[in-house]
>>> print(open('work_28.txt').read())   # compact mmCIF, N, CA and C atoms
# COMPACT_ATOMS: atom_id res chain seq x y z
N MET R 24 39.06 -69.66 -46.91
CA MET R 24 38.73 -68.29 -46.80
C MET R 24 38.69 -67.91 -45.32
N PRO R 25 39.36 -66.80 -44.98
CA PRO R 25 39.38 -66.44 -43.56
C PRO R 25 38.02 -65.87 -43.11
N ARG R 26 37.73 -66.18 -41.95
CA ARG R 26 36.46 -65.74 -41.39
C ARG R 26 36.55 -64.25 -41.00
N PRO R 27 35.51 -63.43 -41.31
CA PRO R 27 35.58 -62.02 -40.92
C PRO R 27 35.40 -61.86 -39.40
N LYS R 28 36.11 -60.88 -38.89
CA LYS R 28 36.01 -60.63 -37.45
C LYS R 28 34.64 -60.02 -37.13
N PRO R 29 34.06 -60.41 -36.04
CA PRO R 29 32.77 -59.80 -35.69
C PRO R 29 32.98 -58.33 -35.34
N ALA R 30 32.06 -57.50 -35.78
CA ALA R 30 32.16 -56.06 -35.51
C ALA R 30 31.90 -55.79 -34.03
N ALA R 31 32.64 -54.88 -33.51
CA ALA R 31 32.46 -54.52 -32.10
C ALA R 31 31.09 -53.86 -31.94
N PRO R 32 30.37 -54.17 -30.89
CA PRO R 32 29.05 -53.55 -30.72
C PRO R 32 29.20 -52.04 -30.52
N ARG R 33 28.33 -51.32 -31.19
CA ARG R 33 28.39 -49.85 -31.08
C ARG R 33 27.76 -49.43 -29.76
N ARG R 34 28.42 -48.52 -29.10
CA ARG R 34 27.90 -48.04 -27.84
C ARG R 34 27.15 -46.74 -28.08
N ARG R 35 26.03 -46.66 -27.44
CA ARG R 35 25.25 -45.43 -27.55
C ARG R 35 25.89 -44.37 -26.68
N ARG R 36 25.84 -43.16 -27.17
CA ARG R 36 26.40 -42.05 -26.41
C ARG R 36 25.32 -41.58 -25.42
N VAL R 37 25.63 -41.64 -24.16
CA VAL R 37 24.70 -41.24 -23.12
C VAL R 37 24.88 -39.74 -22.91
N PRO R 38 23.77 -38.96 -22.99
CA PRO R 38 23.92 -37.51 -22.78
C PRO R 38 24.35 -37.22 -21.34
N ALA R 39 25.14 -36.20 -21.21
CA ALA R 39 25.64 -35.83 -19.88
C ALA R 39 24.47 -35.29 -19.06
N PRO R 40 24.45 -35.55 -17.77
CA PRO R 40 23.35 -35.02 -16.93
C PRO R 40 23.44 -33.50 -16.88
N PRO R 41 22.28 -32.82 -16.77
CA PRO R 41 22.31 -31.35 -16.73
C PRO R 41 23.03 -30.88 -15.47
N PRO R 42 23.63 -29.71 -15.55
CA PRO R 42 24.35 -29.20 -14.36
C PRO R 42 23.36 -28.93 -13.23
N PRO R 43 23.76 -29.08 -12.00
CA PRO R 43 22.84 -28.84 -10.89
C PRO R 43 22.44 -27.37 -10.84
N PRO R 44 21.21 -27.08 -10.44
CA PRO R 44 20.79 -25.68 -10.37
C PRO R 44 21.58 -24.95 -9.30
N PRO R 45 21.74 -23.64 -9.47
CA PRO R 45 22.50 -22.89 -8.45
C PRO R 45 21.77 -22.94 -7.12
N SER R 46 22.53 -22.93 -6.06
CA SER R 46 21.93 -23.03 -4.73
C SER R 46 21.12 -21.76 -4.46
N PRO R 47 19.93 -21.91 -3.87
CA PRO R 47 19.10 -20.71 -3.63
C PRO R 47 19.75 -19.82 -2.58
N ARG R 48 19.70 -18.53 -2.87
CA ARG R 48 20.29 -17.58 -1.93
C ARG R 48 19.36 -17.35 -0.76
N ARG R 49 19.91 -17.21 0.40
CA ARG R 49 19.10 -16.90 1.57
C ARG R 49 18.71 -15.43 1.50
N PRO R 50 17.50 -15.08 1.96
CA PRO R 50 17.11 -13.67 1.93
C PRO R 50 18.02 -12.85 2.83
N ARG R 51 18.16 -11.61 2.44
CA ARG R 51 19.06 -10.72 3.17
C ARG R 51 18.54 -10.45 4.57
N ARG R 52 19.40 -10.50 5.55
CA ARG R 52 19.01 -10.24 6.94
C ARG R 52 19.00 -8.75 7.16
N ARG R 53 17.88 -8.25 7.67
CA ARG R 53 17.76 -6.81 7.92
C ARG R 53 17.56 -6.54 9.39
N ARG R 54 17.90 -5.34 9.78
CA ARG R 54 17.72 -4.96 11.18
C ARG R 54 16.23 -4.80 11.49
N PRO R 55 15.83 -4.96 12.76
CA PRO R 55 14.42 -4.79 13.10
C PRO R 55 13.94 -3.38 12.78
N GLY R 56 12.79 -3.30 12.14
CA GLY R 56 12.20 -2.01 11.82
C GLY R 56 12.64 -1.43 10.50
N GLN R 57 13.65 -1.99 9.88
CA GLN R 57 14.16 -1.43 8.63
C GLN R 57 13.13 -1.59 7.51
N ARG R 58 12.48 -2.74 7.47
CA ARG R 58 11.46 -2.99 6.44
C ARG R 58 10.27 -2.04 6.62
N ALA R 59 9.87 -1.81 7.86
CA ALA R 59 8.75 -0.91 8.14
C ALA R 59 9.08 0.51 7.68
N LEU R 60 10.30 0.96 7.97
CA LEU R 60 10.70 2.30 7.53
C LEU R 60 10.72 2.40 6.02
N GLN R 61 11.15 1.34 5.37
CA GLN R 61 11.18 1.33 3.91
C GLN R 61 9.76 1.44 3.34
N GLU R 62 8.81 0.74 3.95
CA GLU R 62 7.42 0.81 3.49
C GLU R 62 6.84 2.20 3.73
N ILE R 63 7.16 2.81 4.87
CA ILE R 63 6.67 4.15 5.17
C ILE R 63 7.17 5.14 4.13
N ARG R 64 8.46 5.07 3.80
CA ARG R 64 9.01 5.97 2.79
C ARG R 64 8.34 5.75 1.43
N GLN R 65 8.08 4.48 1.12
CA GLN R 65 7.45 4.17 -0.17
C GLN R 65 6.05 4.77 -0.24
N TYR R 66 5.26 4.60 0.83
CA TYR R 66 3.89 5.12 0.82
C TYR R 66 3.87 6.64 0.85
N GLN R 67 4.83 7.26 1.52
CA GLN R 67 4.87 8.72 1.57
C GLN R 67 5.20 9.31 0.21
N SER R 68 6.04 8.62 -0.55
CA SER R 68 6.44 9.16 -1.85
C SER R 68 5.44 8.84 -2.94
N SER R 69 4.57 7.86 -2.71
CA SER R 69 3.62 7.49 -3.77
C SER R 69 2.38 8.37 -3.67
N THR R 70 1.67 8.46 -4.77
CA THR R 70 0.43 9.24 -4.79
C THR R 70 -0.78 8.33 -4.80
N ARG R 71 -0.55 7.04 -4.56
CA ARG R 71 -1.66 6.09 -4.54
C ARG R 71 -2.55 6.36 -3.34
N LEU R 72 -3.84 6.31 -3.55
CA LEU R 72 -4.78 6.61 -2.48
C LEU R 72 -5.15 5.33 -1.74
N LEU R 73 -5.72 5.53 -0.55
CA LEU R 73 -6.19 4.38 0.22
C LEU R 73 -7.36 3.73 -0.49
N LEU R 74 -7.63 2.51 -0.13
CA LEU R 74 -8.79 1.83 -0.70
C LEU R 74 -10.06 2.53 -0.22
N ARG R 75 -11.02 2.65 -1.10
CA ARG R 75 -12.22 3.40 -0.78
C ARG R 75 -12.97 2.85 0.44
N PRO R 76 -13.20 1.53 0.57
CA PRO R 76 -13.95 1.05 1.75
C PRO R 76 -13.23 1.36 3.06
N ALA R 77 -11.92 1.24 3.08
CA ALA R 77 -11.17 1.51 4.31
C ALA R 77 -11.28 2.98 4.70
N LEU R 78 -11.14 3.84 3.72
CA LEU R 78 -11.23 5.28 4.00
C LEU R 78 -12.63 5.66 4.44
N THR R 79 -13.64 5.12 3.75
CA THR R 79 -15.03 5.42 4.10
C THR R 79 -15.32 5.01 5.54
N ARG R 80 -14.87 3.83 5.92
CA ARG R 80 -15.09 3.33 7.28
C ARG R 80 -14.41 4.25 8.30
N LEU R 81 -13.19 4.67 7.99
CA LEU R 81 -12.43 5.52 8.89
C LEU R 81 -13.11 6.88 9.07
N VAL R 82 -13.53 7.48 7.96
CA VAL R 82 -14.18 8.80 8.02
C VAL R 82 -15.48 8.72 8.80
N ARG R 83 -16.27 7.69 8.55
CA ARG R 83 -17.55 7.56 9.26
C ARG R 83 -17.34 7.33 10.75
N GLU R 84 -16.32 6.55 11.09
CA GLU R 84 -16.04 6.29 12.49
C GLU R 84 -15.62 7.57 13.21
N ILE R 85 -14.76 8.37 12.58
CA ILE R 85 -14.31 9.62 13.19
C ILE R 85 -15.48 10.60 13.30
N CYS R 86 -16.30 10.65 12.27
CA CYS R 86 -17.47 11.54 12.27
C CYS R 86 -18.43 11.14 13.39
N LEU R 87 -18.60 9.85 13.60
CA LEU R 87 -19.50 9.36 14.63
C LEU R 87 -18.97 9.70 16.03
N ILE R 88 -17.66 9.66 16.19
CA ILE R 88 -17.06 9.98 17.49
C ILE R 88 -17.32 11.44 17.85
N PHE R 89 -17.18 12.33 16.86
CA PHE R 89 -17.29 13.76 17.16
C PHE R 89 -18.73 14.27 17.14
N THR R 90 -19.61 13.70 16.32
CA THR R 90 -20.95 14.28 16.17
C THR R 90 -22.05 13.40 16.74
N ARG R 91 -21.79 12.13 16.95
CA ARG R 91 -22.79 11.18 17.43
C ARG R 91 -23.96 11.02 16.45
N VAL R 92 -23.77 11.45 15.20
CA VAL R 92 -24.78 11.30 14.16
C VAL R 92 -24.11 10.62 12.97
N ASP R 93 -24.80 9.66 12.38
CA ASP R 93 -24.23 8.95 11.23
C ASP R 93 -24.60 9.71 9.95
N TYR R 94 -23.69 10.54 9.48
CA TYR R 94 -23.93 11.31 8.26
C TYR R 94 -23.63 10.47 7.03
N ARG R 95 -24.26 10.83 5.92
CA ARG R 95 -23.96 10.19 4.64
C ARG R 95 -22.90 11.04 3.95
N TRP R 96 -21.95 10.39 3.33
CA TRP R 96 -20.86 11.09 2.66
C TRP R 96 -20.92 10.83 1.16
N GLN R 97 -20.73 11.90 0.39
CA GLN R 97 -20.65 11.73 -1.06
C GLN R 97 -19.26 11.19 -1.41
N ARG R 98 -19.21 10.47 -2.50
CA ARG R 98 -17.94 9.86 -2.92
C ARG R 98 -16.88 10.94 -3.21
N MET R 99 -17.30 12.01 -3.85
CA MET R 99 -16.34 13.08 -4.19
C MET R 99 -15.84 13.79 -2.93
N ALA R 100 -16.66 13.85 -1.90
CA ALA R 100 -16.22 14.47 -0.63
C ALA R 100 -15.13 13.59 0.00
N LEU R 101 -15.30 12.28 -0.06
CA LEU R 101 -14.28 11.39 0.50
C LEU R 101 -12.98 11.48 -0.28
N VAL R 102 -13.08 11.58 -1.60
CA VAL R 102 -11.87 11.71 -2.43
C VAL R 102 -11.17 13.02 -2.12
N ALA R 103 -11.94 14.09 -1.93
CA ALA R 103 -11.36 15.39 -1.59
C ALA R 103 -10.66 15.34 -0.23
N LEU R 104 -11.24 14.62 0.72
CA LEU R 104 -10.61 14.48 2.04
C LEU R 104 -9.28 13.73 1.93
N GLN R 105 -9.26 12.75 1.07
CA GLN R 105 -8.07 11.92 0.96
C GLN R 105 -6.93 12.65 0.25
N GLU R 106 -7.26 13.47 -0.70
CA GLU R 106 -6.21 14.18 -1.44
C GLU R 106 -5.71 15.31 -0.60
>>> encode(input="work_28.txt", output="structure tokens")
Amino acid sequence: MPRPKPAAPRRRRVPAPPPPPPSPRRPRRRRPGQRALQEIRQYQSSTRLLLRPALTRLVREICLIFTRVDYRWQRMALVALQE
């Protein structure tokens, strides 16, 4: 009786490595001052108000310069000044 041939060893299929991620783009180079102008335009067109502590400090400082007296300000008065 003829001897059966040994079966060839099965090879495992190795998954292909994932494609490399795309190279990160460098940020766009802008001229000096262009970003500042863009921010100014953005703030001028928005209706967002300043932060309350910053505005309060500014108003009190200006009031102190002109009157030399530290007045108390109501919250609604500060909001009215800002609008």
>>> atom_distance(input="work_28.txt", atom1="CA of Val102 (chain R)", atom2="CA of Val82 (chain R)")
11.1 Å
>>> atom_distance(input="work_28.txt", atom1="atom C of Glu106 (chain R)", atom2="atom C of Ala77 (chain R)")
14.5 Å
>>> atom_distance(input="work_28.txt", atom1="CA of Leu81 (chain R)", atom2="CA of Gln105 (chain R)")
11.1 Å
